[in-house]
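Q: So here's upload22.txt (compact mmCIF, C-alpha atoms and all ligand atoms).
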# COMPACT_ATOMS: atom_id res chain seq x y z
CA MET A 149 -8.35 -24.56 -36.14
CA GLU A 150 -8.51 -24.26 -32.33
CA ILE A 151 -5.92 -22.04 -30.67
CA SER A 152 -4.67 -24.96 -28.57
CA ASP A 153 -4.04 -26.96 -31.75
CA ARG A 154 -2.15 -24.07 -33.22
CA ILE A 155 -0.01 -23.77 -30.07
CA GLU A 156 0.79 -27.46 -30.37
CA GLN A 157 1.59 -27.17 -34.06
CA PHE A 158 3.96 -24.21 -33.64
CA THR A 159 5.60 -25.69 -30.54
CA LYS A 160 6.49 -28.76 -32.57
CA MET A 161 7.70 -26.52 -35.39
CA MET A 162 10.00 -24.69 -32.97
CA GLU A 163 11.45 -27.99 -31.85
CA GLU A 164 12.56 -28.81 -35.43
CA ASP A 165 16.25 -28.38 -36.33
CA GLU A 166 15.41 -26.28 -39.36
CA LEU A 167 16.17 -22.60 -38.50
CA LEU A 168 13.49 -21.20 -40.78
CA LEU A 169 10.83 -23.28 -39.01
CA LYS A 170 12.11 -22.16 -35.61
CA SER A 171 12.06 -18.51 -36.65
CA THR A 172 8.55 -18.83 -38.05
CA ALA A 173 7.29 -20.39 -34.83
CA ILE A 174 9.01 -17.76 -32.66
CA HIS A 175 7.43 -15.03 -34.75
CA TYR A 176 4.03 -16.68 -34.32
CA PHE A 177 4.39 -16.84 -30.54
CA ARG A 178 5.61 -13.27 -30.36
CA LYS A 179 2.33 -12.18 -31.95
CA LEU A 180 0.17 -14.67 -30.05
CA PHE A 181 1.32 -13.48 -26.61
CA ALA A 182 1.48 -9.78 -27.52
CA THR A 183 -0.13 -7.71 -24.79
CA GLU A 184 -2.31 -5.83 -27.24
CA ARG A 185 -3.81 -9.09 -28.55
CA ASP A 186 -7.11 -10.39 -27.31
CA LYS A 187 -6.12 -12.03 -24.02
CA SER A 188 -9.28 -14.11 -23.79
CA LYS A 189 -8.06 -16.14 -26.77
CA VAL A 190 -4.75 -17.06 -25.15
CA PRO A 191 -5.02 -19.80 -22.50
CA ASP A 192 -3.43 -19.12 -19.09
CA GLU A 193 -2.03 -22.61 -18.95
CA SER A 194 -0.99 -25.06 -21.61
CA PRO A 195 1.06 -28.26 -21.56
CA PHE A 196 3.13 -26.70 -24.34
CA TYR A 197 4.26 -23.57 -22.48
CA LEU A 198 7.16 -25.29 -20.74
CA ARG A 199 8.31 -26.64 -24.10
CA ILE A 200 8.10 -23.17 -25.65
CA ILE A 201 10.10 -21.71 -22.74
CA ASN A 202 12.79 -24.38 -23.10
CA GLN A 203 13.09 -23.73 -26.82
CA ILE A 204 13.31 -19.97 -26.35
CA ILE A 205 15.99 -20.31 -23.67
CA ARG A 206 17.97 -22.75 -25.84
CA ALA A 207 17.78 -20.50 -28.86
CA LEU A 208 18.88 -17.45 -26.89
CA SER A 209 21.74 -19.14 -25.05
CA ASN A 210 23.11 -20.86 -28.14
CA ASN A 211 22.94 -17.73 -30.23
CA TYR A 212 22.00 -19.38 -33.52
CA LEU A 213 19.15 -17.06 -34.48
CA ASP A 214 19.48 -14.10 -36.81
CA HIS A 215 19.00 -10.66 -35.25
CA ASP A 216 15.33 -10.31 -36.08
CA SER A 217 14.44 -13.74 -34.71
CA GLN A 218 16.59 -13.10 -31.64
CA ALA A 219 14.63 -9.91 -31.00
CA ASP A 220 11.40 -11.85 -31.56
CA ALA A 221 12.51 -14.53 -29.07
CA ILE A 222 13.19 -11.88 -26.39
CA TRP A 223 9.83 -10.39 -27.25
CA VAL A 224 8.24 -13.78 -26.56
CA VAL A 225 9.89 -13.72 -23.11
CA THR A 226 8.58 -10.18 -22.55
CA ASN A 227 5.03 -11.17 -23.44
CA MET A 228 4.90 -14.61 -21.86
CA CYS A 229 6.14 -13.21 -18.52
CA CYS A 230 2.94 -11.21 -18.35
CA LEU A 231 0.73 -14.31 -18.67
CA ASN A 232 1.13 -15.40 -15.06
CA GLN A 233 3.58 -15.79 -12.21
CA LYS A 234 4.15 -19.49 -12.82
CA ILE A 235 5.45 -18.82 -16.32
CA ASN A 236 7.54 -15.92 -15.09
CA HIS A 237 9.16 -18.20 -12.52
CA LEU A 238 9.82 -20.88 -15.13
CA PHE A 239 11.79 -18.33 -17.14
CA VAL A 240 13.68 -17.17 -14.04
CA GLU A 241 14.53 -20.75 -13.05
CA ALA A 242 15.79 -21.36 -16.58
CA ASN A 243 18.42 -18.65 -16.03
CA CYS A 244 16.65 -16.24 -18.33
CA ILE A 245 17.81 -13.14 -16.40
CA ASP A 246 21.52 -13.86 -17.09
CA ILE A 247 20.78 -14.39 -20.77
CA LEU A 248 18.94 -11.08 -20.98
CA VAL A 249 21.64 -9.20 -19.05
CA LYS A 250 24.31 -10.45 -21.48
CA GLN A 251 22.27 -9.12 -24.39
CA LEU A 252 21.98 -5.63 -22.86
CA THR A 253 25.32 -4.83 -24.48
CA ASN A 254 24.25 -6.16 -27.87
CA GLY A 255 25.14 -3.67 -30.60
CA ASP A 256 21.71 -4.19 -32.12
CA ARG A 257 19.63 -1.64 -30.23
CA LYS A 258 16.40 -3.44 -30.97
CA ILE A 259 17.70 -6.48 -29.11
CA ALA A 260 19.14 -4.51 -26.19
CA ASN A 261 15.95 -2.47 -25.76
CA GLN A 262 13.79 -5.57 -25.92
CA CYS A 263 15.91 -7.06 -23.10
CA ILE A 264 15.23 -4.00 -20.96
CA TRP A 265 11.52 -4.48 -21.46
CA ALA A 266 11.75 -8.19 -20.58
CA ILE A 267 13.79 -7.48 -17.43
CA ALA A 268 11.25 -4.81 -16.43
CA ASN A 269 8.43 -7.37 -16.71
CA ILE A 270 10.28 -10.03 -14.74
CA ALA A 271 11.24 -7.53 -12.01
CA ALA A 272 7.61 -6.45 -11.70
CA ASP A 273 6.52 -9.99 -10.79
CA CYS A 274 7.50 -10.33 -7.11
CA ILE A 275 10.19 -9.29 -4.63
CA ASP A 276 12.24 -12.41 -5.27
CA CYS A 277 12.24 -11.85 -9.05
CA LYS A 278 13.12 -8.19 -8.54
CA MET A 279 16.05 -9.06 -6.27
CA ARG A 280 17.33 -11.55 -8.84
CA CYS A 281 17.22 -8.87 -11.54
CA ARG A 282 19.11 -6.36 -9.43
CA SER A 283 22.85 -6.34 -10.11
CA VAL A 284 25.48 -3.67 -10.45
CA LYS A 285 25.97 -4.74 -14.07
CA VAL A 286 22.29 -4.23 -14.90
CA PHE A 287 22.16 -0.83 -13.20
CA LYS A 288 25.36 0.27 -14.99
CA GLN A 289 23.96 -0.72 -18.36
CA LEU A 290 20.61 0.97 -17.74
CA VAL A 291 22.27 4.19 -16.55
CA GLN A 292 24.53 4.23 -19.59
CA LYS A 293 21.48 3.98 -21.83
CA LEU A 294 19.52 6.59 -19.89
CA THR A 295 22.42 9.02 -20.19
CA LYS A 296 21.98 8.71 -23.96
CA SER A 297 18.19 8.52 -23.85
CA TYR A 298 17.99 11.13 -26.64
CA GLU A 299 19.08 8.32 -28.98
CA MET A 300 16.02 6.27 -28.02
CA ASN A 301 12.49 6.45 -29.33
CA GLN A 302 9.67 7.36 -26.98
CA VAL A 303 8.57 3.76 -26.28
CA ASP A 304 12.09 2.50 -25.53
CA ARG A 305 12.79 5.46 -23.24
CA ARG A 306 9.53 4.86 -21.39
CA ASN A 307 10.36 1.15 -20.96
CA LEU A 308 13.86 1.95 -19.75
CA ILE A 309 12.57 4.28 -17.03
CA TRP A 310 9.86 1.81 -16.14
CA CYS A 311 12.54 -0.87 -15.79
CA ILE A 312 14.65 1.33 -13.48
CA ASN A 313 11.54 2.05 -11.41
CA ASN A 314 10.68 -1.65 -11.08
CA LEU A 315 14.23 -2.55 -10.11
CA THR A 316 14.63 0.24 -7.55
CA SER A 317 11.19 -0.08 -5.94
CA GLY A 318 11.46 -0.97 -2.28
CA GLY A 319 14.72 0.97 -1.99
CA ARG A 320 18.04 -0.23 -0.53
CA ILE A 321 19.63 -0.85 -3.89
CA GLN A 322 23.23 -1.90 -3.56
CA VAL A 323 25.29 -0.12 -6.18
CA PRO A 324 28.58 1.79 -5.92
CA ASN A 325 28.21 5.50 -5.22
CA THR A 326 29.45 6.39 -8.71
CA VAL A 327 26.62 4.37 -10.25
CA ALA A 328 24.01 5.84 -7.90
CA LYS A 329 25.26 9.34 -8.70
CA SER A 330 25.09 8.80 -12.48
CA MET A 331 21.65 7.26 -12.11
CA ILE A 332 20.36 10.26 -10.14
CA ARG A 333 21.82 12.67 -12.69
CA ALA A 334 20.43 10.77 -15.69
CA LEU A 335 16.99 10.46 -14.09
CA SER A 336 16.76 14.15 -13.20
CA ASP A 337 17.91 15.11 -16.71
CA ASN A 338 14.87 13.23 -18.01
CA LEU A 339 12.36 14.78 -15.60
CA PHE A 340 11.49 17.74 -17.83
CA ASN A 341 11.34 18.05 -21.60
CA SER A 342 13.04 20.81 -23.58
CA LYS A 343 9.99 23.03 -23.12
CA GLY A 344 10.22 22.77 -19.33
CA TYR A 345 7.22 20.47 -18.81
CA PRO A 346 7.40 17.16 -16.94
CA THR A 347 7.95 14.26 -19.35
CA GLU A 348 5.46 11.39 -19.66
CA SER A 349 7.76 9.32 -17.40
CA ALA A 350 8.08 12.02 -14.74
CA SER A 351 6.11 10.05 -12.16
CA LYS A 352 8.30 6.95 -12.60
CA ILE A 353 11.41 9.14 -12.47
CA LEU A 354 10.34 10.72 -9.17
CA TRP A 355 9.54 7.28 -7.74
CA SER A 356 12.91 5.93 -8.90
CA LEU A 357 14.74 8.86 -7.31
CA ALA A 358 12.79 8.36 -4.09
CA ASN A 359 13.70 4.65 -4.18
CA ILE A 360 17.39 5.39 -4.70
CA ALA A 361 17.36 7.82 -1.76
CA ASP A 362 15.60 5.21 0.38
CA ASP A 363 18.50 3.55 2.21
CA ILE A 364 18.92 4.23 5.91
CA ASN A 365 22.40 2.67 5.80
CA ASN A 366 23.62 4.93 3.05
CA LEU A 367 22.67 8.56 3.65
CA ASN A 368 25.13 9.63 0.93
CA ARG A 369 22.32 9.07 -1.52
CA ILE A 370 20.37 11.95 0.04
CA ASP A 371 23.38 14.24 -0.46
CA MET A 372 23.51 13.15 -4.08
CA ILE A 373 19.86 14.14 -4.52
CA LEU A 374 20.43 17.47 -2.75
CA ASP A 375 23.58 18.11 -4.81
CA GLN A 376 21.73 17.57 -8.07
CA SER A 377 21.22 21.05 -9.38
CA GLU A 378 17.58 22.22 -9.12
CA LEU A 379 16.19 18.71 -8.59
CA VAL A 380 14.70 19.36 -5.15
CA GLN A 381 13.53 22.81 -6.20
CA ASN A 382 11.79 21.27 -9.23
CA CYS A 383 10.25 18.57 -7.11
CA LEU A 384 8.81 21.17 -4.68
CA SER A 385 7.49 23.24 -7.59
CA ILE A 386 5.77 20.17 -9.07
CA PHE A 387 3.96 19.60 -5.77
CA LEU A 388 2.83 23.21 -5.61
CA ASP A 389 1.43 23.09 -9.15
CA SER A 390 -2.09 21.65 -9.23
CA THR A 391 -1.71 20.90 -12.96
CA TYR A 392 0.64 18.06 -12.03
CA SER A 393 -1.50 16.43 -9.35
CA GLN A 394 -0.75 12.97 -10.79
CA LEU A 395 2.91 13.55 -9.80
CA HIS A 396 2.24 14.78 -6.27
CA THR A 397 2.41 11.46 -4.41
CA ALA A 398 5.77 10.59 -5.97
CA ALA A 399 7.16 14.10 -5.44
CA LEU A 400 6.15 14.05 -1.79
CA ARG A 401 7.77 10.65 -1.26
CA LEU A 402 11.05 11.94 -2.69
CA ILE A 403 10.89 14.94 -0.36
CA GLY A 404 10.02 12.62 2.53
CA ASN A 405 13.00 10.39 1.87
CA ILE A 406 15.23 13.46 2.07
CA ALA A 407 13.68 14.38 5.44
CA VAL A 408 14.80 10.97 6.76
CA GLY A 409 18.39 12.22 6.50
CA ASN A 410 20.82 13.54 9.13
CA ASN A 411 20.69 17.01 10.71
CA GLU A 412 22.81 18.69 8.01
CA GLN A 413 20.63 17.20 5.30
CA THR A 414 17.48 18.37 7.11
CA ASP A 415 19.00 21.86 7.35
CA ARG A 416 19.52 21.83 3.60
CA LEU A 417 15.93 20.72 3.00
CA LEU A 418 14.45 23.37 5.31
CA ALA A 419 16.50 26.03 3.54
CA PHE A 420 14.34 25.67 0.42
CA SER A 421 11.80 28.47 0.70
CA ASN A 422 9.10 26.40 -1.03
CA PHE A 423 9.42 23.54 1.42
CA ARG A 424 7.24 25.32 3.97
CA TYR A 425 4.49 25.87 1.39
CA VAL A 426 4.64 22.21 0.38
CA LEU A 427 4.16 21.15 4.01
CA GLU A 428 1.30 23.58 4.55
CA LEU A 429 -0.44 22.54 1.34
CA ALA A 430 0.00 18.81 1.99
CA MET A 431 -1.39 19.23 5.52
CA THR A 432 -4.69 20.39 4.03
CA LYS A 433 -5.03 17.41 1.65
CA VAL A 434 -6.66 14.23 2.93
CA GLU A 435 -4.69 12.14 0.43
CA HIS A 436 -1.33 13.56 1.58
CA ARG A 437 -1.75 14.26 5.28
CA SER A 438 -0.39 10.90 6.50
CA GLU A 439 2.68 11.24 4.33
CA VAL A 440 3.34 14.80 5.42
CA ALA A 441 2.85 13.79 9.08
CA TRP A 442 5.55 11.16 8.51
CA ILE A 443 7.81 13.87 7.03
CA CYS A 444 7.17 16.13 10.04
CA SER A 445 7.85 13.29 12.47
CA ASN A 446 11.29 12.88 10.88
CA ILE A 447 11.95 16.61 11.09
CA CYS A 448 11.00 16.55 14.79
CA ALA A 449 13.54 13.78 15.36
CA GLY A 450 16.29 16.30 14.59
CA LEU A 451 17.40 19.42 16.45
CA PRO A 452 15.36 22.00 18.41
CA ARG A 453 15.70 24.41 15.48
CA HIS A 454 14.02 21.82 13.25
CA ILE A 455 11.13 21.51 15.71
CA ASP A 456 10.88 25.30 15.83
CA TYR A 457 10.58 25.34 12.06
CA LEU A 458 7.30 23.44 12.43
CA LEU A 459 6.00 25.03 15.63
CA ILE A 460 6.39 28.50 14.15
CA ASN A 461 3.31 27.65 12.08
CA ASP A 462 0.62 28.39 14.66
CA LYS A 463 -1.77 25.87 13.10
CA PHE A 464 0.72 23.03 13.27
CA TYR A 465 0.21 21.71 16.77
CA ARG A 466 -3.58 21.89 16.52
CA TRP A 467 -3.29 19.85 13.31
CA VAL A 468 -1.19 17.24 15.14
CA GLN A 469 -3.71 17.05 17.99
CA GLU A 470 -6.51 16.49 15.48
CA GLY A 471 -4.40 13.90 13.69
CA ILE A 472 -4.06 11.90 16.88
CA GLN A 473 -7.86 11.79 17.11
CA SER A 474 -8.13 10.68 13.47
CA LYS A 475 -9.55 7.31 12.50
CA GLU A 476 -7.00 7.11 9.69
CA ARG A 477 -4.46 4.77 11.26
CA ARG A 478 -1.31 5.96 9.55
CA PHE A 479 -2.17 9.61 10.14
CA GLU A 480 -2.82 8.94 13.82
CA LYS A 481 0.43 6.95 14.18
CA GLU A 482 2.61 9.55 12.45
CA CYS A 483 1.11 12.35 14.55
CA LEU A 484 1.93 10.35 17.70
CA TRP A 485 5.49 10.09 16.41
CA ILE A 486 5.59 13.88 15.93
CA VAL A 487 4.74 14.33 19.62
CA ALA A 488 7.08 11.56 20.79
CA ASN A 489 10.05 12.83 18.76
CA SER A 490 9.43 16.45 19.80
CA LEU A 491 9.44 15.42 23.47
CA VAL A 492 12.72 13.57 23.00
CA SER A 493 14.54 16.08 20.77
CA GLY A 494 12.97 19.35 21.96
CA ASP A 495 14.76 21.76 24.27
CA GLU A 496 13.29 22.78 27.64
CA ALA A 497 11.53 25.85 26.25
CA GLN A 498 9.79 23.71 23.63
CA ILE A 499 8.81 21.09 26.18
CA GLU A 500 7.43 23.78 28.47
CA TRP A 501 5.41 25.13 25.55
CA LEU A 502 4.11 21.64 24.80
CA VAL A 503 3.16 21.17 28.47
CA GLU A 504 1.21 24.40 28.35
CA GLN A 505 -0.59 23.16 25.24
CA GLY A 506 -1.72 20.08 27.17
CA VAL A 507 0.75 17.56 25.76
CA ILE A 508 -0.12 15.28 28.69
CA PHE A 509 -3.32 14.32 26.83
CA GLN A 510 -1.17 13.11 23.94
CA ILE A 511 1.22 11.36 26.34
CA ALA A 512 -1.72 9.31 27.58
CA ARG A 513 -2.21 8.22 23.94
CA LEU A 514 1.50 7.43 23.56
CA LEU A 515 1.31 5.18 26.62
CA LYS A 516 -1.73 3.35 25.25
CA SER A 517 -0.22 2.90 21.77
CA GLU A 518 0.51 -0.60 20.46
CA ASP A 519 4.04 0.49 19.54
CA THR A 520 6.44 -0.15 22.44
CA ARG A 521 8.82 2.52 21.17
CA LEU A 522 6.03 5.09 21.57
CA ASN A 523 5.22 3.73 25.07
CA GLU A 524 8.87 4.16 26.05
CA LYS A 525 9.10 7.72 24.83
CA GLY A 526 5.77 8.58 26.46
CA LEU A 527 6.84 7.18 29.80
CA SER A 528 10.20 8.98 29.87
CA ALA A 529 8.42 12.21 28.95
CA ALA A 530 5.79 11.69 31.68
CA ILE A 531 8.51 11.30 34.34
CA HIS A 532 10.36 14.33 33.08
CA ILE A 533 7.23 16.47 33.03
CA ILE A 534 5.98 15.59 36.50
CA ARG A 535 9.44 16.38 37.89
CA GLU A 536 9.84 19.72 36.12
CA TYR A 537 6.21 20.80 36.12
CA PRO A 538 4.69 19.43 39.36
CA TRP A 539 1.56 21.55 38.84
CA GLN A 540 0.61 18.97 36.20
CA GLN A 541 -0.07 16.48 38.99
CA ARG A 542 -3.84 16.94 38.98
CA LEU A 543 -4.00 16.30 35.25
CA PHE A 544 -1.85 13.20 35.68
CA GLU A 545 -4.36 11.89 38.17
CA GLU A 546 -7.43 12.86 36.18
CA LEU A 547 -6.05 11.16 33.08
CA LYS A 548 -4.97 8.15 35.17
CA ILE A 549 -1.54 8.29 33.56
CA VAL A 550 -0.14 5.52 35.76
CA GLU A 551 -2.94 3.19 34.71
CA CYS A 552 -2.16 3.87 31.05
CA ILE A 553 1.23 2.19 31.44
CA ASP A 554 1.12 -1.37 30.18
CA THR A 555 4.03 -3.23 31.77
CA SER A 556 3.35 -6.52 29.97
CA GLU A 557 5.29 -5.55 26.83
CA SER A 558 8.61 -4.73 28.45
CA PRO A 559 8.17 -5.64 32.14
CA MET A 560 11.69 -4.86 33.37
CA LEU A 561 12.00 -1.36 31.99
CA PHE A 562 8.40 -0.28 32.26
CA SER A 563 7.79 -1.61 35.78
CA ALA A 564 10.76 0.29 37.16
CA GLN A 565 9.71 3.51 35.46
CA LYS A 566 6.09 3.04 36.43
CA ARG A 567 7.18 2.70 40.06
CA GLU A 568 9.35 5.78 39.74
CA LEU A 569 6.40 7.75 38.40
CA GLU A 570 4.13 6.51 41.20
CA ILE A 571 6.66 7.53 43.85
CA ILE A 572 7.00 11.02 42.40
CA LEU A 573 3.22 11.38 42.24
CA THR A 574 2.73 10.11 45.80
CA ASN A 575 5.42 12.39 47.17
CA SER A 576 4.05 15.45 45.49
CA ALA A 577 0.58 14.41 46.67
CA THR A 578 1.64 14.44 50.35
CA PRO A 579 -0.28 17.24 52.09
CA LYS A 580 2.00 20.17 52.61
CA ILE A 581 -0.53 22.54 54.09
CA PRO A 582 -1.17 21.45 57.69
CA LYS A 583 -3.12 24.66 58.36
CA ILE A 584 -5.95 23.42 56.19
CA GLU A 585 -6.01 20.21 58.20
CA ASP A 586 -6.31 22.27 61.37
CA GLU A 587 -9.22 24.12 59.86
CA PHE A 588 -10.80 20.78 58.98
CA LYS A 589 -10.46 19.63 62.55
CA TYR A 590 -11.90 22.85 63.79
CA LEU A 591 -14.86 22.57 61.45
CA SER A 592 -15.43 19.00 62.56
CA PHE A 593 -15.47 20.06 66.08
CA SER A 594 -17.92 22.78 65.39
CA LYS A 595 -20.17 20.28 63.64
CA ILE A 596 -20.22 18.01 66.64
CA GLU A 597 -21.13 20.90 68.79
ZN ZN A 601 8.35 -13.73 -9.09
Could you write out this file's structure as structure tokens?

A:
Amino acid sequence: MEISDRIEQFTKMMEEDELLLKSTAIHYFRKLFATERDKSKVPDESPFYLRIINQIIRALSNNYLDHDSQADAIWVVTNMCCLNQKINHLFVEANCIDILVKQLTNGDRKIANQCIWAIANIAADCIDCKMRCRSVKVFKQLVQKLTKSYEMNQVDRRNLIWCINNLTSGGRIQVPNTVAKSMIRALSDNLFNSKGYPTESASKILWSLANIADDINNLNRIDMILDQSELVQNCLSIFLDSTYSQLHTAALRLIGNIAVGNNEQTDRLLAFSNFRYVLELAMTKVEHRSEVAWICSNICAGLPRHIDYLLINDKFYRWVQEGIQSKERRFEKECLWIVANSLVSGDEAQIEWLVEQGVIFQIARLLKSEDTRLNEKGLSAAIHIIREYPWQQRLFEELKIVECIDTSESPMLFSAQKRELEIILTNSATPKIPKIEDEFKYLSFSKIE
């Protein structure tokens, strides 16, 4: 019998009123769509899929199945969602998410855990599906389960953490602070096993924590991460341990999302003695240098003491200069931000030091950048520098700084500042040494003679 005939036969069976027939058909589809089954045998599209989905949704919302068949039905959702986006969206449109969320509190753990898996799959589909799955109720339920994760088997625990990761990805999750706090605590409690090694879900846990911290409108989350005993310390240690290289990207993102925080939070981050070693190590790794440049650019947006923390490393500024020359776009961009933020947030001593290091070469790059915010910062810095350090005038002219200013992006602001810069340059270019002119005249005369 062809598979398509079988699908037809069991679809019709599921549409019968007889419960035993329904349960048999549901069980068949659970196995047919199982991820471990040979996918080439299961068609991507079938005229019967919509009918199967309707039957599954009806069975789940009317609650007439026994526990085992109910679990099977949710399993069908879990597996069918992986077939393709169209099917996933048919489930979502049929209000499947609400049905699954209601079952999260089901006393039968098999059913509740299967719902978590199904929600994880739906959330993984696209941003819209993920946003539909996000709700305070879902997060509360998942946190409650993660707090008691010792009651779960390995597969269910892995699915639960995977679900939290899928729901939180992209950051800016809107949950009350109490829920966020419990989630951070439960996640960090699952980072290491009893022997002190990272668990199999450690990468997903680090990503989830980084996602929860990722909310520029709610910096409290960063405090919650910092307040979590030993979490940041553990995260830094993971990055410094080459055995855990598969966790490094996630660990660095979590650290980076802390560096986005306010000045007090940055102070707390810099106080970790290992943080410096993490920066220095990441700077030497091609796969991490863009990310660490982004972290440094955020540190430089803080206070002069934060900038000093970086400049004290005598290799740092050379590394930034090289980064600006890099062909790796993100690395180049983040290094430009390091310079721009340092020029804005640095004190006069730091700016003077930067001038002596030839920061005007990097200012030329800031002015030519495609990012208007970088142009703005570069232009303000150029005006400040030519005023305070007039001996830079020759370099300004050699680098044609005025010509680097593109006024088309923001004509009002940039034109005025460009004019201001030109005036300062012209004034300081006015000959102040008439004696030389006299000598010139004299020489001319002598030539004529
Ligand atoms: Zn979707």

Q: Considering only C-alpha atoms, can you say which of A:Leu484, A:Ile332, A:Leu417, A:Asn410 comes closest to Ser438 (chain A)?

A: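 With only C-alpha atoms as the atom set, the closest residue is A:Leu484.
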
Q: Residues at most 12 Å from ligand ZN 601 (chain A), using only C-alpha atoms and all ligand atoms? Could they come as an MDAnalysis selection string?

A: chainID A and resid 229:230 232:241 245 267:281

Q: Keeping only C-alpha atoms, write the selected residues as a PDB file, in the coordinates of the input.

A:
ATOM      1  CA  CYS A 229       6.140 -13.210 -18.520  1.00  0.00           C
ATOM      2  CA  CYS A 230       2.940 -11.210 -18.350  1.00  0.00           C
ATOM      3  CA  ASN A 232       1.130 -15.400 -15.060  1.00  0.00           C
ATOM      4  CA  GLN A 233       3.580 -15.790 -12.210  1.00  0.00           C
ATOM      5  CA  LYS A 234       4.150 -19.490 -12.820  1.00  0.00           C
ATOM      6  CA  ILE A 235       5.450 -18.820 -16.320  1.00  0.00           C
ATOM      7  CA  ASN A 236       7.540 -15.920 -15.090  1.00  0.00           C
ATOM      8  CA  HIS A 237       9.160 -18.200 -12.520  1.00  0.00           C
ATOM      9  CA  LEU A 238       9.820 -20.880 -15.130  1.00  0.00           C
ATOM     10  CA  PHE A 239      11.790 -18.330 -17.140  1.00  0.00           C
ATOM     11  CA  VAL A 240      13.680 -17.170 -14.040  1.00  0.00           C
ATOM     12  CA  GLU A 241      14.530 -20.750 -13.050  1.00  0.00           C
ATOM     13  CA  ILE A 245      17.810 -13.140 -16.400  1.00  0.00           C
ATOM     14  CA  ILE A 267      13.790  -7.480 -17.430  1.00  0.00           C
ATOM     15  CA  ALA A 268      11.250  -4.810 -16.430  1.00  0.00           C
ATOM     16  CA  ASN A 269       8.430  -7.370 -16.710  1.00  0.00           C
ATOM     17  CA  ILE A 270      10.280 -10.030 -14.740  1.00  0.00           C
ATOM     18  CA  ALA A 271      11.240  -7.530 -12.010  1.00  0.00           C
ATOM     19  CA  ALA A 272       7.610  -6.450 -11.700  1.00  0.00           C
ATOM     20  CA  ASP A 273       6.520  -9.990 -10.790  1.00  0.00           C
ATOM     21  CA  CYS A 274       7.500 -10.330  -7.110  1.00  0.00           C
ATOM     22  CA  ILE A 275      10.190  -9.290  -4.630  1.00  0.00           C
ATOM     23  CA  ASP A 276      12.240 -12.410  -5.270  1.00  0.00           C
ATOM     24  CA  CYS A 277      12.240 -11.850  -9.050  1.00  0.00           C
ATOM     25  CA  LYS A 278      13.120  -8.190  -8.540  1.00  0.00           C
ATOM     26  CA  MET A 279      16.050  -9.060  -6.270  1.00  0.00           C
ATOM     27  CA  ARG A 280      17.330 -11.550  -8.840  1.00  0.00           C
ATOM     28  CA  CYS A 281      17.220  -8.870 -11.540  1.00  0.00           C
TER      29      CYS A 281
END

Q: Give me the residues within 12 Å of region 289-295 of chain A as a ChimeraX atom specification, counting all atoms listed in the file and dropping any in the same chain fewer than 6 places off.

A: /A:248-254,257,260-261,263-265,267-268,282-283,301,304-313,315-316,323,326-339,353

Q: Could you check the closest approach to Val190 (chain A) for each of A:Arg154, A:Arg206, A:Lys463, A:Arg535 and tell me which residue wins, using all atoms listed in the file?

A: A:Arg154

Q: Need the shell around His175 (chain A): protein/DNA/RNA residues with any atom at most 10 Å away, counting only C-alpha atoms. Skip same-chain ones fewer than 3 positions apart. Format as a PDB file with C-alpha atoms, in the frame of the given file?

A:
ATOM      1  CA  PHE A 158       3.960 -24.210 -33.640  1.00  0.00           C
ATOM      2  CA  LEU A 169      10.830 -23.280 -39.010  1.00  0.00           C
ATOM      3  CA  LYS A 170      12.110 -22.160 -35.610  1.00  0.00           C
ATOM      4  CA  SER A 171      12.060 -18.510 -36.650  1.00  0.00           C
ATOM      5  CA  THR A 172       8.550 -18.830 -38.050  1.00  0.00           C
ATOM      6  CA  ARG A 178       5.610 -13.270 -30.360  1.00  0.00           C
ATOM      7  CA  LYS A 179       2.330 -12.180 -31.950  1.00  0.00           C
ATOM      8  CA  LEU A 180       0.170 -14.670 -30.050  1.00  0.00           C
ATOM      9  CA  ASP A 216      15.330 -10.310 -36.080  1.00  0.00           C
ATOM     10  CA  SER A 217      14.440 -13.740 -34.710  1.00  0.00           C
ATOM     11  CA  GLN A 218      16.590 -13.100 -31.640  1.00  0.00           C
ATOM     12  CA  ALA A 219      14.630  -9.910 -31.000  1.00  0.00           C
ATOM     13  CA  ASP A 220      11.400 -11.850 -31.560  1.00  0.00           C
ATOM     14  CA  ALA A 221      12.510 -14.530 -29.070  1.00  0.00           C
ATOM     15  CA  TRP A 223       9.830 -10.390 -27.250  1.00  0.00           C
ATOM     16  CA  VAL A 224       8.240 -13.780 -26.560  1.00  0.00           C
TER      17      VAL A 224
END

Q: Hey, which of A:Leu561, A:Asn210, A:Glu504, A:Gln541 ends up closest to Arg521 (chain A)? Count only C-alpha atoms.

A: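 Between A:Leu561, A:Asn210, A:Glu504, A:Gln541, the residue approaching Arg521 (chain A) most closely is A:Leu561.
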
Q: To one decimal in Å, tell me the separation between CA of His532 (chain A) and CA of Val550 (chain A).

A: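 We find that CA of His532 (chain A) and CA of Val550 (chain A) lie 14.0 Å from each other.
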
Q: For a test of reading the model, state the distance in Å between CA of Asn211 (chain A) and CA of Ala173 (chain A), rounded to one decimal.

A: 16.5 Å

Q: One number please: CA of Phe287 (chain A) to CA of Asn325 (chain A), in Å, one decimal.

A: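 Those two atoms sit 11.8 Å apart.
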
Q: Skipping near chain neighbours, those fewer than 5 positions away, what residues fall within 10 Å of region 379-385 of chain A using all atoms listed in the file, listed as a PyMOL selection string?

A: chain A and resi 332-333+335-337+339-340+346+354+373-374+390+392+395-396+398-400+402-403+406+417+420-427

Q: Which polymer residues have any atom within 12 Å of an atom of Ser188 (chain A), counting all atoms listed in the file, with same-chain residues fewer than 6 positions away left out, as a ChimeraX atom specification?

A: /A:151,180-181,231
